[in-house]
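Chemist: Shown below is the structure under consideration.
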Protein chains: 2
Amino acid sequence: MKVALAQLNYHIGNFEENTQKIIDAIQKAEKEGAELVVFSELAVTGYYPQDLLERKEFIEKAENAIQKIASRCTKITALVGGPSINTGSKGKKLFNSAWFLNNGKVEDIKHKSLLPTYDIFDEYRHFEPNRQFNILELNGKKLAITICEDLWDEQPTQNEFGKDKLYTRSPLEELSKLNPDLVINLSASPFSYNQEDWRKNILINKAKKYQLPIVYVNQVGANTEIVFDGGSFFLQKEGNIPVELAYFEEDFQVVDTDNPITKKQEQKDYIAKIHQALILGIRDYFGKMGFKKAVLGLSGGIDSALVCALAVEALGSDHVRGLLMPSQYSSDHSIADAIELAKNLGIQHDTIPIQNMVDEFESQLNPLFKNLPAGVTEENIQARTRGILVMAISNKFGNILLNTTNKSECAVGYGTLYGDMNGGLSVLGDVYKTDVFKLSRYINRNNELIPENSIIKPPSAELRPDQKDTDSLPGYDVLDSILFKYIELNQSPKEIIEQGFGKEMVRKVVRLVNQNEYKRFQAPPILRVSSKAFGFGRNIPLVARYD
Amino acid sequence: MKVALAQLNYHIGNFEENTQKIIDAIQKAEKEGAELVVFSELAVTGYYPQDLLERKEFIEKAENAIQKIASRCTKITALVGGPSINTGSKGKKLFNSAWFLNNGKVEDIKHKSLLPTYDIFDEYRHFEPNRQFNILELNGKKLAITICEDLWDEQPTQNEFGKDKLYTRSPLEELSKLNPDLVINLSASPFSYNQEDWRKNILINKAKKYQLPIVYVNQVGANTEIVFDGGSFFLQKEGNIPVELAYFEEDFQVVDTDNPITKKQEQKDYIAKIHQALILGIRDYFGKMGFKKAVLGLSGGIDSALVCALAVEALGSDHVRGLLMPSQYSSDHSIADAIELAKNLGIQHDTIPIQNMVDEFESQLNPLFKNLPAGVTEENIQARTRGILVMAISNKFGNILLNTTNKSECAVGYGTLYGDMNGGLSVLGDVYKTDVFKLSRYINRNNELIPENSIIKPPSAELRPDQKDTDSLPGYDVLDSILFKYIELNQSPKEIIEQGFGKEMVRKVVRLVNQNEYKRFQAPPILRVSSKAFGFGRNIPLVARYD
């Protein structure tokens, strides 16, 4: 059977654009002689619409889009992901469905059985699970239609109390009894650098176990925090993947499932993948929000330098603007490094020293503060003065502020709320500092865009004389190891200590993570590149007491 | 049967305190001759622990707490809510359970069947539903144990596509077949002023339908945003409620289910209830976070005056501090009103005019702004300068900043991010402006604490000369009506227009709500008093395009 894999970048709620993209791909598939064209999960709406699914007008628009697409399917068949209304009298009022469009109309609908409700996934909030299994027939072939998580029943439980299975049912076990020829999987599977092989292995195991080929169509592109990496593929029953689509960009391929022509993708290391994910994340955030221009503060440090370089790649140097805001604690090299960066990247940059404003704040507060010693309050005034200045540029010229906080800082609360934690989008909030260094080296792989000095100097917030990050934190290699075990691997402090990390240090780091939930609560959306990012995939109640 | 209803205020993750409270109530129940003492849902952990439930050390602590409590149940039986591990090999690894403690040990565990996963509820994220139904026997009585949502199977679907039922199963239908004598319901049901009668009616209908008495034990107290209002009760099979416990405070009552002694609560109107909810919300946020003192900016307007009065009730006048930050646009009466309020409430207050700092910002930005006209940028600089000042007081003296934005403003984005949207807790973010007026009148019911002038003057942000809220918004009565229909009732713009509101106005208001998701994304936690508050009970993807 000739099947077209249409790997597209959908914009949540932008029915007009999503519908047009789908129709264009249908026409292309038709021209290239495909019998069936497969789109990804929730293609008409984009993934994931969250509580927009509770709005009648949203569901009506989705259904209208499906009808419009169906009317174009006169000479070809399409499988398109979208919500459908549960017409039964009980249960959630929607299904997460694959619409089978044929002969110019909706001929069948298959619903998703396993609804992921963990980490960033929240599908049981809106959807009723499917409990009936049957097969679709097309041109003499029997198709088993599955949607994303339907093939993931054998994954371990998320909370890691054991190696048991998260789900009580196996959709493919049921469908395989009906002797299908081909499994189709409409997906919306986001990128996580530390789970990159997991997805393929899960599907390879399924193909081999049931001796069935699988057409897997993922979506690509970012919707706010979540980055879909594409990489759709055709998988043979022996477990080989002869055809793989591009990563981090739209792609389209017609596959003869009986006689596939090999198409492979270049293998990249995880830093190169994170690099692609962040560029796509920035570009789609701006594109989908209708923004063009970015602004950010340039400190001369590595985090702002990296974000600036990524923004220039994503948006173009004409659309990125830097603001230097030196204080009395800024070293000469910081200013020089920031200017060199701006010149290397060819971006507009301006300088506004903050001292006058900081002095004015301190002078006005003096009658209240009297002789109390200077400390965090005064450091925060500097950071917040910068926050005001860069937001003023944002407000006046329409440039969206990019946040430059990295995951290590975000984890331990090393940043000022309403100061350097400001921004419309956090680019590095899911990238540990150790990976910030690697990404900066990667950016410089051809020529030095980020000044070498910004990479090699000891990290410092420069909010007091001779300050270094290591004054109050362990070295980033140790810190990031502890954080990864606590956050991504969900290990207990006891387990981490047992692996050889100092007891006091582990306790201190964990305490800092826990004490700073309140800061992260008000942080900008964070581009997610790991299996556990801060944000709505990690919910910790603020008032909770724990260690 | 003599049953004790123990309505307590639990602190999430504070196992030591929760356990001690439960043990104290067990001893009291024993002394008063009760056979059984009932606590609420997830009592040992507090409701709701969210992803702390994914941490092994958290679950171990919860189980240790249950064991400790069980050892005290030698002469009395207790039903205590807490998580339990699913020992099966499939499904989520936890149940949401009622632990049956008898003879000094855990004698049985019953699990929750219906897991609410909508609005603020997220239980399917962590728990596997129960599918087996059986009865507990105690002293010759057959008990049907249910947990909160288990009795709510007949509620309509949340997304309001119809009048159908949200759930496919009915736990009480199953349990009633086993001929129980009494239904026990361990609950964690939060306060919503616009759904106050719903809860009682749902349970009354169940009692009458199955001709069974119900012991309903709710929790009380706030955990960050969510306020539990208590109001536990004993409900007879005819639908009468002879015994009702207090609202918004801990309470305890032994009830002879065969011969109950009547105990009723005073009926209050919704404004009085919101008042109690907000006081409890503030008090518990501070108490559970370990904070003592609050600070807030006093503008002379009604919102900050109301928050200040509520904070004084919750924390005491010695623990609330006001900061006046007048600008050139502040009217004389604003300053006078703010000072009068501070004096009426007996709180410390200071004044720092913002003009010098604002001038310094504008002068430093002038080379970049050149001759561009002044506008929102300059208004935001004022609001953000105030944000820095009040956070400086917070940082220096440890007073937590209370946010004073009301729900109407929060909805339409009438506020400055990193300015007046700052704060550790939003007190009025779920209270519409029209209710802000009513609450202020209520505060003044005995004597004028909030200056009359703050209540009657036209609302204004005072960020430019002669500014009024109505310059850019409809009157608050119309605005709040549209907002309530769009947000709480989830009506479409079309439906709202059909009810007689101007088309342009509805479109404008809805557009403002939708365009300001990005501001609310970074807002402080909001005390929830309605059926649909901004925050984690209402998830809208930022990049979504819709109208």
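Each chain in the structure tokens gets a letter, A, B, ..., in the order shown, and its residues are numbered from 1; ligands are numbered from 1 in order too.
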Distance cut-off 6 Å, counting only C-alpha atoms - which residues of chain B neighbour chain A? Return them as a short mmCIF file (atom, residue, chain, number, x, y, z; two decimals) with C-alpha atoms, in the first residue's frame.

Modeler:
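Full text of iface_38.cif as output:
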```cif
data_model
loop_
_atom_site.label_atom_id
_atom_site.label_comp_id
_atom_site.auth_asym_id
_atom_site.auth_seq_id
_atom_site.Cartn_x
_atom_site.Cartn_y
_atom_site.Cartn_z
CA ILE B 12 0.18 19.38 52.67
CA GLY B 13 3.23 17.28 53.46
CA ASN B 14 3.33 18.28 57.11
CA GLN B 50 0.12 16.94 43.32
CA ASP B 51 3.43 15.52 42.04
CA GLU B 54 5.32 10.69 42.62
CA SER B 89 1.30 -5.11 38.33
CA LYS B 90 -0.72 -2.76 36.13
CA GLY B 91 -2.07 0.77 36.33
CA LYS B 92 -1.05 3.88 38.23
CA THR B 117 -9.82 15.29 36.60
CA TYR B 118 -11.20 18.69 35.64
CA ARG B 125 -2.66 11.94 37.03
CA ASN B 159 -17.68 20.89 29.26
CA ASP B 164 -25.24 13.99 30.36
CA LYS B 165 -23.33 12.30 33.14
CA LEU B 166 -19.59 12.75 33.53
CA TYR B 167 -18.96 9.21 34.70
CA THR B 168 -19.77 5.80 33.27
CA THR B 224 -2.24 27.83 48.53
CA LYS B 288 1.65 27.14 56.24
CA MET B 289 4.47 28.98 54.42
CA MET B 357 13.02 57.32 40.15
CA GLU B 360 15.66 58.94 36.24
CA THR B 377 5.60 52.29 28.43
CA ALA B 392 12.50 46.07 48.57
CA ASN B 395 13.14 41.62 50.93
CA LYS B 396 14.53 43.81 53.70
CA TYR B 418 6.32 43.03 37.14
CA GLN B 522 3.11 34.87 35.46
CA ALA B 523 0.59 36.03 38.07
CA ASN B 539 -5.41 26.00 31.34
CA ILE B 540 -5.22 27.88 28.07
CA VAL B 543 0.28 30.51 21.59
CA ALA B 544 -3.27 29.43 20.77
CA ARG B 545 -5.11 31.50 18.19
CA TYR B 546 -8.82 31.89 18.82
#
```

Chemist: Taking the DSSP secondary structure from the backbone, can you list the residues of region 379-483 of chain A that are strand (DSSP E), as a list in words?

Modeler: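 The residues of region 379-483 of chain A classed as strand (DSSP E) are Ile400, Leu401, Leu402, Asn403, Leu425 and Ser426 of chain A.
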
Chemist: What does the distance between CA of Val506 (chain A) and CA of Tyr193 (chain A) come to in Å, to one decimal place?

Modeler: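 Interatomic distance, CA of Val506 (chain A) to CA of Tyr193 (chain A): 24.7 Å.
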
Chemist: Do you know which residues are at most 6 Å from region 174-189 of chain B counting only C-alpha atoms, after dropping those on the same chain fewer than 3 positions away, and could you put them as a ChimeraX atom specification?

Modeler: /B:40-41,142-148,171,213-219

Chemist: For Ile204 (chain B), find every residue with an atom within 8 Å (counting only C-alpha atoms), except residues of its own chain fewer than 2 positions away, and show them as a PyMOL selection string.

Modeler: chain B and resi 200-202+206-208+235+239-240

Chemist: Give me, as a list in words, the residues of region 210-305 of chain B that a backbone DSSP run labels helix (DSSP H, G or I).

Modeler: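 Selection result, helix (DSSP H, G or I) within region 210-305 of chain B: Tyr210, Tyr270, Ile271, Ala272, Lys273, Ile274, His275, Gln276, Ala277, Leu278, Ile279, Leu280, Gly281, Ile282, Arg283, Asp284, Tyr285, Phe286, Gly287, Lys288, Met289, Ile302, Asp303, Ser304 and Ala305 of chain B.
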
Chemist: Can you pull out the residues contacting Leu306 (chain A)? Cut-off 10 Å, using only C-alpha atoms, and skip same-chain residues under 5 positions away; I want them as a PyMOL selection string.

Modeler: chain A and resi 301+311-312+341+404+427-428+436-437+439-441+443+449-450+454-455
